[in-house]
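Engineer: I am sharing start36.pdb, which consists of PDB, C-alpha atoms:
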ATOM      1  CA  MET K   1     -55.443   8.581 -44.433
ATOM      2  CA  LYS K   2     -55.320   7.424 -40.803
ATOM      3  CA  ILE K   3     -52.544   5.409 -39.171
ATOM      4  CA  ASP K   4     -52.825   3.923 -35.686
ATOM      5  CA  VAL K   5     -49.638   4.634 -33.758
ATOM      6  CA  THR K   6     -48.147   4.277 -30.285
ATOM      7  CA  PHE K   7     -45.341   6.205 -28.633
ATOM      8  CA  PRO K   8     -43.817   6.449 -25.144
ATOM      9  CA  SER K   9     -44.419   9.148 -22.533
ATOM     10  CA  SER K  10     -42.805   8.785 -19.095
ATOM     11  CA  ASN K  11     -42.454   5.030 -19.673
ATOM     12  CA  LEU K  12     -46.137   4.685 -20.582
ATOM     13  CA  SER K  13     -47.338   3.741 -24.060
ATOM     14  CA  LEU K  14     -49.754   6.280 -25.547
ATOM     15  CA  ALA K  15     -52.237   5.344 -28.261
ATOM     16  CA  GLY K  16     -52.611   7.763 -31.136
ATOM     17  CA  ILE K  17     -53.910   8.293 -34.639
ATOM     18  CA  LEU K  18     -51.786  10.030 -37.258
ATOM     19  CA  PHE K  19     -53.859  11.769 -39.936
ATOM     20  CA  LEU K  20     -52.117  12.346 -43.276
ATOM     21  CA  PRO K  21     -53.319  14.108 -46.439
ATOM     22  CA  ASP K  22     -54.875  11.687 -48.927
ATOM     23  CA  ALA K  23     -53.098  13.308 -51.855
ATOM     24  CA  ALA K  24     -49.418  12.546 -52.317
ATOM     25  CA  THR K  25     -47.114  15.467 -51.608
ATOM     26  CA  ALA K  26     -43.526  16.220 -52.495
ATOM     27  CA  GLY K  27     -41.194  16.455 -49.542
ATOM     28  CA  ARG K  28     -41.890  16.207 -45.835
ATOM     29  CA  LEU K  29     -45.092  17.489 -44.282
ATOM     30  CA  PRO K  30     -45.741  20.179 -41.701
ATOM     31  CA  ALA K  31     -47.467  18.622 -38.691
ATOM     32  CA  VAL K  32     -49.718  19.585 -35.805
ATOM     33  CA  VAL K  33     -50.069  17.860 -32.431
ATOM     34  CA  VAL K  34     -53.743  17.991 -31.390
ATOM     35  CA  GLY K  35     -54.705  17.559 -27.723
ATOM     36  CA  HIS K  36     -58.143  16.383 -26.574
ATOM     37  CA  PRO K  37     -60.347  18.030 -23.902
ATOM     38  CA  GLY K  38     -60.271  16.981 -20.262
ATOM     39  CA  GLY K  39     -62.223  13.761 -19.933
ATOM     40  CA  GLY K  40     -62.327  13.351 -23.697
ATOM     41  CA  VAL K  41     -60.577  10.897 -25.995
ATOM     42  CA  LYS K  42     -58.771  11.156 -29.298
ATOM     43  CA  GLU K  43     -61.744   9.936 -31.351
ATOM     44  CA  GLN K  44     -63.926  12.943 -30.482
ATOM     45  CA  THR K  45     -63.321  16.612 -31.314
ATOM     46  CA  ALA K  46     -59.547  16.182 -31.586
ATOM     47  CA  SER K  47     -60.059  13.847 -34.557
ATOM     48  CA  ILE K  48     -62.565  16.236 -36.140
ATOM     49  CA  TYR K  49     -59.913  18.956 -36.198
ATOM     50  CA  ALA K  50     -57.088  16.588 -37.169
ATOM     51  CA  GLU K  51     -59.021  15.183 -40.132
ATOM     52  CA  ARG K  52     -59.834  18.662 -41.411
ATOM     53  CA  LEU K  53     -56.248  19.830 -40.999
ATOM     54  CA  ALA K  54     -55.133  16.798 -42.997
ATOM     55  CA  ARG K  55     -57.446  17.925 -45.788
ATOM     56  CA  GLU K  56     -55.562  21.232 -45.731
ATOM     57  CA  GLY K  57     -52.237  19.480 -46.296
ATOM     58  CA  PHE K  58     -50.988  18.968 -42.738
ATOM     59  CA  ALA K  59     -50.132  15.822 -40.848
ATOM     60  CA  ALA K  60     -52.043  15.839 -37.559
ATOM     61  CA  LEU K  61     -51.456  13.614 -34.544
ATOM     62  CA  VAL K  62     -54.149  12.937 -31.947
ATOM     63  CA  PHE K  63     -53.588  10.729 -28.908
ATOM     64  CA  ASP K  64     -55.148   9.625 -25.662
ATOM     65  CA  ALA K  65     -53.547  11.166 -22.593
ATOM     66  CA  ALA K  66     -51.702   8.852 -20.227
ATOM     67  CA  TYR K  67     -54.082   6.988 -17.882
ATOM     68  CA  GLN K  68     -56.959   7.612 -20.273
ATOM     69  CA  GLY K  69     -58.613   6.147 -23.362
ATOM     70  CA  GLU K  70     -56.477   3.419 -24.947
ATOM     71  CA  SER K  71     -53.232   4.692 -23.426
ATOM     72  CA  GLU K  72     -51.420   3.036 -20.538
ATOM     73  CA  GLY K  73     -51.358   4.197 -16.928
ATOM     74  CA  GLU K  74     -52.843   3.416 -13.533
ATOM     75  CA  PRO K  75     -55.003   4.497 -11.835
ATOM     76  CA  ARG K  76     -57.305   4.822 -14.798
ATOM     77  CA  GLY K  77     -58.616   8.293 -15.506
ATOM     78  CA  LEU K  78     -55.958  10.172 -13.555
ATOM     79  CA  GLU K  79     -55.809  13.837 -14.614
ATOM     80  CA  ASN K  80     -52.235  14.901 -13.933
ATOM     81  CA  PRO K  81     -51.477  18.301 -15.522
ATOM     82  CA  VAL K  82     -47.715  17.792 -15.533
ATOM     83  CA  GLN K  83     -48.109  14.406 -17.225
ATOM     84  CA  ARG K  84     -50.586  15.899 -19.708
ATOM     85  CA  ALA K  85     -47.944  18.459 -20.695
ATOM     86  CA  GLU K  86     -45.315  15.719 -20.892
ATOM     87  CA  ASP K  87     -47.623  13.776 -23.221
ATOM     88  CA  VAL K  88     -47.670  16.769 -25.583
ATOM     89  CA  LYS K  89     -43.884  16.944 -25.579
ATOM     90  CA  SER K  90     -43.693  13.196 -26.179
ATOM     91  CA  ALA K  91     -46.065  13.572 -29.128
ATOM     92  CA  VAL K  92     -43.751  16.189 -30.613
ATOM     93  CA  SER K  93     -40.788  13.851 -30.082
ATOM     94  CA  PHE K  94     -42.662  11.068 -31.856
ATOM     95  CA  LEU K  95     -43.373  13.281 -34.857
ATOM     96  CA  THR K  96     -39.674  14.132 -35.189
ATOM     97  CA  THR K  97     -38.968  10.423 -35.780
ATOM     98  CA  ARG K  98     -41.403  10.045 -38.677
ATOM     99  CA  ASP K  99     -39.923  10.089 -42.177
ATOM    100  CA  GLU K 100     -42.960  11.864 -43.631
ATOM    101  CA  ILE K 101     -42.776  14.752 -41.126
ATOM    102  CA  ASP K 102     -40.569  17.839 -41.280
ATOM    103  CA  ALA K 103     -39.245  18.090 -37.721
ATOM    104  CA  ASP K 104     -38.664  21.813 -38.157
ATOM    105  CA  ARG K 105     -42.325  22.467 -39.013
ATOM    106  CA  ILE K 106     -44.342  21.186 -36.052
ATOM    107  CA  GLY K 107     -47.147  23.148 -34.429
ATOM    108  CA  GLY K 108     -49.598  22.510 -31.621
ATOM    109  CA  LEU K 109     -53.358  22.735 -31.155
ATOM    110  CA  GLY K 110     -55.017  22.303 -27.767
ATOM    111  CA  ILE K 111     -58.789  22.028 -27.356
ATOM    112  CA  CYS K 112     -60.497  22.851 -24.025
ATOM    113  CA  ALA K 113     -58.229  21.679 -21.165
ATOM    114  CA  SER K 114     -55.554  20.731 -23.704
ATOM    115  CA  GLY K 115     -55.516  24.377 -24.701
ATOM    116  CA  GLY K 116     -54.039  24.876 -21.259
ATOM    117  CA  TYR K 117     -51.832  21.786 -21.225
ATOM    118  CA  LEU K 118     -50.426  22.366 -24.707
ATOM    119  CA  SER K 119     -49.742  26.044 -23.980
ATOM    120  CA  PHE K 120     -47.957  25.008 -20.782
ATOM    121  CA  ALA K 121     -45.850  22.474 -22.697
ATOM    122  CA  ALA K 122     -45.050  24.967 -25.451
ATOM    123  CA  GLN K 123     -43.676  27.465 -22.956
ATOM    124  CA  THR K 124     -40.519  25.342 -22.765
ATOM    125  CA  ASP K 125     -40.769  23.069 -25.814
ATOM    126  CA  LEU K 126     -39.399  25.299 -28.530
ATOM    127  CA  ARG K 127     -39.888  22.579 -31.136
ATOM    128  CA  MET K 128     -43.498  23.739 -31.478
ATOM    129  CA  LYS K 129     -43.167  26.614 -33.928
ATOM    130  CA  ALA K 130     -46.788  27.808 -33.796
ATOM    131  CA  VAL K 131     -49.262  27.384 -30.922
ATOM    132  CA  ALA K 132     -53.053  27.525 -31.112
ATOM    133  CA  THR K 133     -55.991  26.782 -28.843
ATOM    134  CA  VAL K 134     -59.735  26.266 -29.349
ATOM    135  CA  SER K 135     -61.980  26.949 -26.341
ATOM    136  CA  GLY K 136     -58.775  26.993 -24.308
ATOM    137  CA  THR K 137     -59.313  26.275 -20.613
ATOM    138  CA  ASP K 138     -57.075  26.253 -17.555
ATOM    139  CA  LEU K 139     -58.398  23.504 -15.272
ATOM    140  CA  GLY K 140     -56.250  24.911 -12.484
ATOM    141  CA  THR K 141     -58.183  28.176 -12.564
ATOM    142  CA  VAL K 142     -61.491  26.298 -12.665
ATOM    143  CA  MET K 143     -60.618  24.160  -9.645
ATOM    144  CA  ARG K 144     -59.060  26.993  -7.626
ATOM    145  CA  ASP K 145     -61.489  29.785  -8.393
ATOM    146  CA  GLY K 146     -64.539  28.163  -9.950
ATOM    147  CA  LEU K 147     -65.919  28.909 -13.397
ATOM    148  CA  GLY K 148     -66.050  32.679 -13.702
ATOM    149  CA  HIS K 149     -64.019  33.186 -10.513
ATOM    150  CA  THR K 150     -67.068  32.406  -8.357
ATOM    151  CA  GLN K 151     -65.651  29.822  -5.932
ATOM    152  CA  SER K 152     -64.894  30.637  -2.300
ATOM    153  CA  PRO K 153     -61.538  29.810  -0.644
ATOM    154  CA  ALA K 154     -63.456  27.503   1.695
ATOM    155  CA  ALA K 155     -64.761  25.495  -1.253
ATOM    156  CA  THR K 156     -61.250  25.175  -2.669
ATOM    157  CA  ARG K 157     -59.967  23.972   0.693
ATOM    158  CA  ALA K 158     -62.766  21.401   0.796
ATOM    159  CA  LEU K 159     -61.574  20.033  -2.564
ATOM    160  CA  LEU K 160     -58.055  19.696  -1.199
ATOM    161  CA  GLU K 161     -59.308  17.929   1.909
ATOM    162  CA  LEU K 162     -61.267  15.526  -0.281
ATOM    163  CA  SER K 163     -58.205  14.845  -2.421
ATOM    164  CA  ASN K 164     -55.951  14.368   0.591
ATOM    165  CA  ALA K 165     -58.407  11.920   2.139
ATOM    166  CA  ALA K 166     -58.421   9.955  -1.108
ATOM    167  CA  ARG K 167     -54.630   9.724  -1.033
ATOM    168  CA  THR K 168     -54.724   8.434   2.542
ATOM    169  CA  ALA K 169     -57.355   5.857   1.612
ATOM    170  CA  GLU K 170     -55.233   4.596  -1.294
ATOM    171  CA  ALA K 171     -52.163   4.336   0.935
ATOM    172  CA  ARG K 172     -54.163   2.214   3.383
ATOM    173  CA  GLY K 173     -55.258  -0.141   0.644
ATOM    174  CA  GLU K 174     -58.853   1.049   0.651
ATOM    175  CA  GLY K 175     -59.050   1.500  -3.112
ATOM    176  CA  VAL K 176     -59.157   4.479  -5.477
ATOM    177  CA  ALA K 177     -61.847   7.046  -4.707
ATOM    178  CA  ARG K 178     -63.385   8.384  -7.925
ATOM    179  CA  GLN K 179     -65.825  11.059  -9.026
ATOM    180  CA  GLU K 180     -67.690  11.754 -12.259
ATOM    181  CA  TRP K 181     -66.489  14.297 -14.814
ATOM    182  CA  ILE K 182     -69.994  15.018 -16.057
ATOM    183  CA  THR K 183     -72.567  15.521 -13.311
ATOM    184  CA  ASP K 184     -75.993  17.138 -13.111
ATOM    185  CA  ALA K 185     -74.214  20.425 -12.408
ATOM    186  CA  VAL K 186     -72.852  20.816 -15.943
ATOM    187  CA  ASP K 187     -74.645  22.892 -18.543
ATOM    188  CA  ALA K 188     -77.060  21.218 -20.961
ATOM    189  CA  GLU K 189     -74.783  21.457 -24.004
ATOM    190  CA  THR K 190     -71.836  19.807 -22.237
ATOM    191  CA  PHE K 191     -74.121  16.994 -21.058
ATOM    192  CA  GLU K 192     -75.498  16.580 -24.575
ATOM    193  CA  TYR K 193     -72.041  16.331 -26.142
ATOM    194  CA  TYR K 194     -70.623  13.802 -23.697
ATOM    195  CA  ARG K 195     -73.707  11.826 -22.701
ATOM    196  CA  THR K 196     -75.778  11.547 -25.904
ATOM    197  CA  PRO K 197     -74.967  10.216 -29.385
ATOM    198  CA  ARG K 198     -73.892  13.731 -30.420
ATOM    199  CA  GLY K 199     -70.355  13.147 -29.149
ATOM    200  CA  GLN K 200     -70.555  10.231 -26.715
ATOM    201  CA  HIS K 201     -67.712   7.730 -26.724
ATOM    202  CA  PRO K 202     -67.442   4.658 -24.468
ATOM    203  CA  ARG K 203     -63.928   5.561 -23.294
ATOM    204  CA  ALA K 204     -64.666   9.251 -22.627
ATOM    205  CA  VAL K 205     -65.491  11.000 -19.313
ATOM    206  CA  GLN K 206     -64.790   7.970 -17.175
ATOM    207  CA  PRO K 207     -64.785   8.706 -13.415
ATOM    208  CA  TRP K 208     -61.458  10.185 -12.377
ATOM    209  CA  PRO K 209     -59.435   9.517  -9.224
ATOM    210  CA  VAL K 210     -60.288  12.146  -6.623
ATOM    211  CA  ARG K 211     -56.607  12.686  -5.895
ATOM    212  CA  SER K 212     -56.394  14.402  -9.292
ATOM    213  CA  LEU K 213     -57.892  17.448  -7.558
ATOM    214  CA  ASP K 214     -54.846  18.575  -5.570
ATOM    215  CA  MET K 215     -52.597  18.258  -8.630
ATOM    216  CA  ILE K 216     -54.955  20.423 -10.662
ATOM    217  CA  VAL K 217     -55.519  23.083  -7.975
ATOM    218  CA  GLN K 218     -51.816  23.963  -7.839
ATOM    219  CA  TYR K 219     -51.399  24.059 -11.620
ATOM    220  CA  ASP K 220     -51.488  27.213 -13.782
ATOM    221  CA  SER K 221     -51.567  26.731 -17.546
ATOM    222  CA  PHE K 222     -50.721  30.298 -18.464
ATOM    223  CA  ALA K 223     -48.365  31.517 -15.729
ATOM    224  CA  LEU K 224     -45.401  31.652 -18.132
ATOM    225  CA  ILE K 225     -47.297  32.087 -21.378
ATOM    226  CA  HIS K 226     -44.980  34.946 -22.334
ATOM    227  CA  LEU K 227     -42.304  32.297 -23.002
ATOM    228  CA  ILE K 228     -44.158  31.173 -26.136
ATOM    229  CA  ALA K 229     -43.002  34.356 -27.869
ATOM    230  CA  PRO K 230     -41.489  35.078 -30.318
ATOM    231  CA  ARG K 231     -43.363  32.069 -31.676
ATOM    232  CA  PRO K 232     -46.928  32.976 -32.712
ATOM    233  CA  LEU K 233     -49.948  32.258 -30.510
ATOM    234  CA  LEU K 234     -53.544  32.007 -31.764
ATOM    235  CA  MET K 235     -56.450  31.517 -29.352
ATOM    236  CA  ILE K 236     -59.924  30.821 -30.767
ATOM    237  CA  ILE K 237     -63.069  31.276 -28.685
ATOM    238  CA  GLY K 238     -66.808  31.457 -29.172
ATOM    239  CA  SER K 239     -68.365  34.819 -28.377
ATOM    240  CA  ASP K 240     -70.902  33.101 -26.107
ATOM    241  CA  ALA K 241     -68.530  30.624 -24.436
ATOM    242  CA  ASN K 242     -68.629  30.557 -20.634
ATOM    243  CA  THR K 243     -64.882  29.852 -20.693
ATOM    244  CA  ALA K 244     -63.949  32.662 -23.101
ATOM    245  CA  TYR K 245     -62.613  34.838 -20.289
ATOM    246  CA  MET K 246     -59.742  32.399 -19.713
ATOM    247  CA  SER K 247     -58.395  32.841 -23.234
ATOM    248  CA  ARG K 248     -58.901  36.606 -22.973
ATOM    249  CA  GLU K 249     -56.905  36.682 -19.736
ATOM    250  CA  ALA K 250     -54.211  34.439 -21.239
ATOM    251  CA  ILE K 251     -53.865  36.585 -24.359
ATOM    252  CA  ALA K 252     -53.501  39.651 -22.146
ATOM    253  CA  ARG K 253     -50.561  37.966 -20.386
ATOM    254  CA  ALA K 254     -48.969  36.739 -23.623
ATOM    255  CA  VAL K 255     -46.415  38.601 -25.724
ATOM    256  CA  GLU K 256     -46.630  39.412 -29.428
ATOM    257  CA  PRO K 257     -47.136  37.888 -31.907
ATOM    258  CA  LYS K 258     -50.540  36.884 -30.572
ATOM    259  CA  GLU K 259     -54.136  36.848 -31.770
ATOM    260  CA  LEU K 260     -57.549  36.239 -30.222
ATOM    261  CA  PHE K 261     -60.021  35.046 -32.874
ATOM    262  CA  VAL K 262     -63.687  35.203 -31.848
ATOM    263  CA  ILE K 263     -66.363  33.124 -33.585
ATOM    264  CA  ASP K 264     -69.651  34.984 -33.389
ATOM    265  CA  GLY K 265     -72.385  32.964 -31.695
ATOM    266  CA  GLY K 266     -70.013  30.184 -30.737
ATOM    267  CA  THR K 267     -70.095  28.454 -27.366
ATOM    268  CA  HIS K 268     -67.418  26.407 -25.657
ATOM    269  CA  ILE K 269     -68.908  23.130 -26.903
ATOM    270  CA  SER K 270     -70.125  24.306 -30.311
ATOM    271  CA  LEU K 271     -66.490  24.738 -31.334
ATOM    272  CA  TYR K 272     -66.066  20.983 -30.714
ATOM    273  CA  ASP K 273     -68.368  19.724 -33.453
ATOM    274  CA  THR K 274     -70.842  22.252 -34.857
ATOM    275  CA  ASP K 275     -69.909  22.413 -38.531
ATOM    276  CA  GLU K 276     -70.468  26.149 -38.959
ATOM    277  CA  HIS K 277     -68.155  26.984 -36.077
ATOM    278  CA  VAL K 278     -65.575  24.242 -36.661
ATOM    279  CA  THR K 279     -65.270  25.344 -40.291
ATOM    280  CA  GLN K 280     -64.516  28.906 -39.243
ATOM    281  CA  ALA K 281     -61.970  27.714 -36.711
ATOM    282  CA  VAL K 282     -60.213  25.361 -39.141
ATOM    283  CA  THR K 283     -60.082  28.028 -41.834
ATOM    284  CA  ARG K 284     -58.304  30.356 -39.417
ATOM    285  CA  LEU K 285     -56.049  27.558 -38.130
ATOM    286  CA  ALA K 286     -55.072  26.463 -41.644
ATOM    287  CA  ALA K 287     -54.071  30.017 -42.556
ATOM    288  CA  PHE K 288     -52.166  30.344 -39.281
ATOM    289  CA  TYR K 289     -50.202  27.126 -39.709
ATOM    290  CA  SER K 290     -49.645  27.678 -43.427
ATOM    291  CA  ARG K 291     -47.997  30.984 -42.635
ATOM    292  CA  HIS K 292     -45.950  29.924 -39.635
ATOM    293  CA  LEU K 293     -45.045  26.367 -40.622
ATOM    294  CA  ALA K 294     -44.046  27.303 -44.157
ATOM    295  CA  ALA K 295     -41.080  25.506 -45.685
TER     296      ALA K 295
END
Turn this file's structure into structure tokens for me.
Structural biologist:
Amino acid sequence: MKIDVTFPSSNLSLAGILFLPDAATAGRLPAVVVGHPGGGVKEQTASIYAERLAREGFAALVFDAAYQGESEGEPRGLENPVQRAEDVKSAVSFLTTRDEIDADRIGGLGICASGGYLSFAAQTDLRMKAVATVSGTDLGTVMRDGLGHTQSPAATRALLELSNAARTAEARGEGVARQEWITDAVDAETFEYYRTPRGQHPRAVQPWPVRSLDMIVQYDSFALIHLIAPRPLLMIIGSDANTAYMSREAIARAVEPKELFVIDGGTHISLYDTDEHVTQAVTRLAAFYSRHLAA
């Protein structure tokens, strides 16, 4: 069962979908907030995971981040890490108001960039009792250091100069400078997911305001990841994912109880929608939440 919902986050209305088990259950449900990848929308991989979690007996809430998808916020497409974390906390708050949800049994799942944002939010939002990520990514690390720590300080400074110039242009009334999420520089699988019928959605990967860059560069998803403990942390990666090192580094900084679950042959994107890999991930997630969100 799917219910279209809205809820507030920093005075903006966010659009969401609440997935509920089809079969009637006695008592209130455990629930999971599911965050979408950077540039993505709620209807893509987040809904794939939410629907499957609902089949396992959980309520699952997906939503479009502020400024994106069907949610409110200007300029459109802004990627503000602090707001993204606030959106997660607002989603948790919304779930606590629902009669069918047990407010003491709420967990979180972040996919790709939301693996970073949701982890960041969970560091101080103790209402999330169990935290998990799939292909977890820290956009701050990517923008500061490049994928695989390959970016020079000069290149990072150039990004900041570009962002600063965009802010000046906006202040002078010259409009919002934007750049594409998905360019020719991305790998073939990422392009296929976002730009072909495989995973394409008309509201996804819209050009983002260039001034997003300086907000992302100074952001670190996992700086205080130790604060998630003693709540459990599960990070799921594909063995062949080019982003896997970020979850490995995050797990190393985290405190027990923690687990890194590796899906053999999986890539960053295959964990979004490839049935073989999604099934393995959901099986592990369902066991994780069943144990840690038990009545």
Engineer: Starting from the displayed file, determine the output of the PyMOL selection byres ((chain K and resi 230) around 10) and express the residue list as a PyMOL selection string.
Structural biologist: chain K and resi 129-130+226-229+231-233+255-258
Engineer: Calculated over all atoms listed in the file, which of the candidates K:Thr97, K:Ser13, K:Asn164, K:Ser239 has the smallest distance to K:Gln68?
Structural biologist: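 Among the listed residues, K:Ser13 lies closest to K:Gln68.
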Engineer: K:Thr6, K:Ser163, K:Ser119, K:Ser212: which is nearest K:Arg76, counting all atoms listed in the file?
Structural biologist: K:Ser212
Engineer: For the structure provided, state which residues fall under the PyMOL selection byres ((chain K and resi 66) around 9), and present them as a PyMOL selection string.
Structural biologist: chain K and resi 9-10+12-15+64-65+67-74+76-80+83-84+87
Engineer: Which residues match the PyMOL selection byres ((chain K and resi 17-23) around 7) in the file above, as a ChimeraX atom specification?
Structural biologist: /K:1-5,16,24-25,50-51,54-55,57-63
Engineer: In Å to one decimal, how far is atom CA of K:Glu189 from atom CA of K:Ala132?
Structural biologist: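 Straight-line distance from atom CA of K:Ala132 to atom CA of K:Glu189 works out to 23.7 Å.
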Engineer: Within 10 Å of K:Met128, counting all atoms listed in the file, which residues qualify if same-chain residues fewer than 5 places away don't, as a PyMOL selection string?
Structural biologist: chain K and resi 31-33+89+92+103-109+118+121-123+228+231-232+293
Engineer: Provide the atom CA of K:Ala286 to atom CA of K:Leu126 distance in Å, to one decimal place.
Structural biologist: 20.5 Å
Engineer: Nearest to K:Glu180 among K:Leu139, K:Gly148, K:Pro209, K:Val34, with distances taken over all atoms listed in the file: which residue is it?
Structural biologist: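 Checking each candidate against K:Glu180, we get K:Pro209 as the closest.
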Engineer: Please determine an axis-aligned box that encloses all atoms of stretch 121-139 of chain K listed in the file, with 3 Å added on each side, and express its centre and edge lengths in Å to one decimal as AutoDock Vina command-line options.
Structural biologist:
--center_x -50.7 --center_y 25.1 --center_z -24.6 --size_x 28.6 --size_y 11.3 --size_z 24.7
Engineer: K:Phe261, K:Phe94, K:Tyr289, K:Phe222: which is nearest K:Pro8, counting all atoms listed in the file?
Structural biologist: K:Phe94
Engineer: Counting all atoms listed in the file, figure out which residue out of K:Ala254, K:Ile48, K:Ala281, K:Ile101 gets nearest to K:Pro30.
Structural biologist: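 Smallest separation from K:Pro30 among the options: K:Ile101.
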Engineer: Could you tell me which of K:Asp138, K:Asp220, K:Glu86, K:Glu249 comes closest to K:Ile111 if we count only C-alpha atoms?
Structural biologist: K:Asp138
Engineer: If you measure from atom CA of K:Val82 to atom CA of K:Gly110, what distance in Å do you get, rounded to one decimal?
Structural biologist: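 We find that atom CA of K:Val82 and atom CA of K:Gly110 lie 14.9 Å from each other.
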Engineer: Pull out stretch 5-42 of chain K, keep C-alpha atoms, and write it as a PDB file, in the first residue's frame.
Structural biologist:
ATOM      1  CA  VAL K   5       2.109  12.425   2.099  1.00  0.00           C
ATOM      2  CA  THR K   6       3.594  15.851   2.782  1.00  0.00           C
ATOM      3  CA  PHE K   7       5.429  17.143   5.830  1.00  0.00           C
ATOM      4  CA  PRO K   8       7.374  20.285   6.776  1.00  0.00           C
ATOM      5  CA  SER K   9      11.150  20.730   6.884  1.00  0.00           C
ATOM      6  CA  SER K  10      12.581  24.175   7.681  1.00  0.00           C
ATOM      7  CA  ASN K  11       9.283  25.775   6.623  1.00  0.00           C
ATOM      8  CA  LEU K  12       9.307  23.942   3.283  1.00  0.00           C
ATOM      9  CA  SER K  13       6.758  21.283   2.356  1.00  0.00           C
ATOM     10  CA  LEU K  14       8.349  17.964   1.381  1.00  0.00           C
ATOM     11  CA  ALA K  15       6.560  15.446  -0.824  1.00  0.00           C
ATOM     12  CA  GLY K  16       6.758  11.823   0.220  1.00  0.00           C
ATOM     13  CA  ILE K  17       5.343   8.351  -0.217  1.00  0.00           C
ATOM     14  CA  LEU K  18       4.609   6.159   2.790  1.00  0.00           C
ATOM     15  CA  PHE K  19       4.792   2.440   1.995  1.00  0.00           C
ATOM     16  CA  LEU K  20       2.821   0.144   4.313  1.00  0.00           C
ATOM     17  CA  PRO K  21       2.531  -3.659   4.392  1.00  0.00           C
ATOM     18  CA  ASP K  22      -0.468  -4.912   2.415  1.00  0.00           C
ATOM     19  CA  ALA K  23      -1.399  -7.409   5.109  1.00  0.00           C
ATOM     20  CA  ALA K  24      -3.095  -6.082   8.224  1.00  0.00           C
ATOM     21  CA  THR K  25      -0.958  -6.215  11.346  1.00  0.00           C
ATOM     22  CA  ALA K  26      -1.731  -6.031  15.033  1.00  0.00           C
ATOM     23  CA  GLY K  27      -0.299  -3.019  16.791  1.00  0.00           C
ATOM     24  CA  ARG K  28       1.907  -0.236  15.496  1.00  0.00           C
ATOM     25  CA  LEU K  29       4.551  -0.807  12.852  1.00  0.00           C
ATOM     26  CA  PRO K  30       8.311  -0.397  12.918  1.00  0.00           C
ATOM     27  CA  ALA K  31       9.330   2.150  10.283  1.00  0.00           C
ATOM     28  CA  VAL K  32      12.320   3.120   8.174  1.00  0.00           C
ATOM     29  CA  VAL K  33      13.116   6.522   6.667  1.00  0.00           C
ATOM     30  CA  VAL K  34      14.679   5.974   3.223  1.00  0.00           C
ATOM     31  CA  GLY K  35      16.780   8.726   1.620  1.00  0.00           C
ATOM     32  CA  HIS K  36      17.355   9.018  -2.136  1.00  0.00           C
ATOM     33  CA  PRO K  37      20.728   9.486  -3.903  1.00  0.00           C
ATOM     34  CA  GLY K  38      22.106  12.901  -4.799  1.00  0.00           C
ATOM     35  CA  GLY K  39      20.285  14.123  -7.879  1.00  0.00           C
ATOM     36  CA  GLY K  40      17.724  11.351  -7.558  1.00  0.00           C
ATOM     37  CA  VAL K  41      14.064  11.429  -6.575  1.00  0.00           C
ATOM     38  CA  LYS K  42      11.858   9.349  -4.330  1.00  0.00           C
TER      39      LYS K  42
END
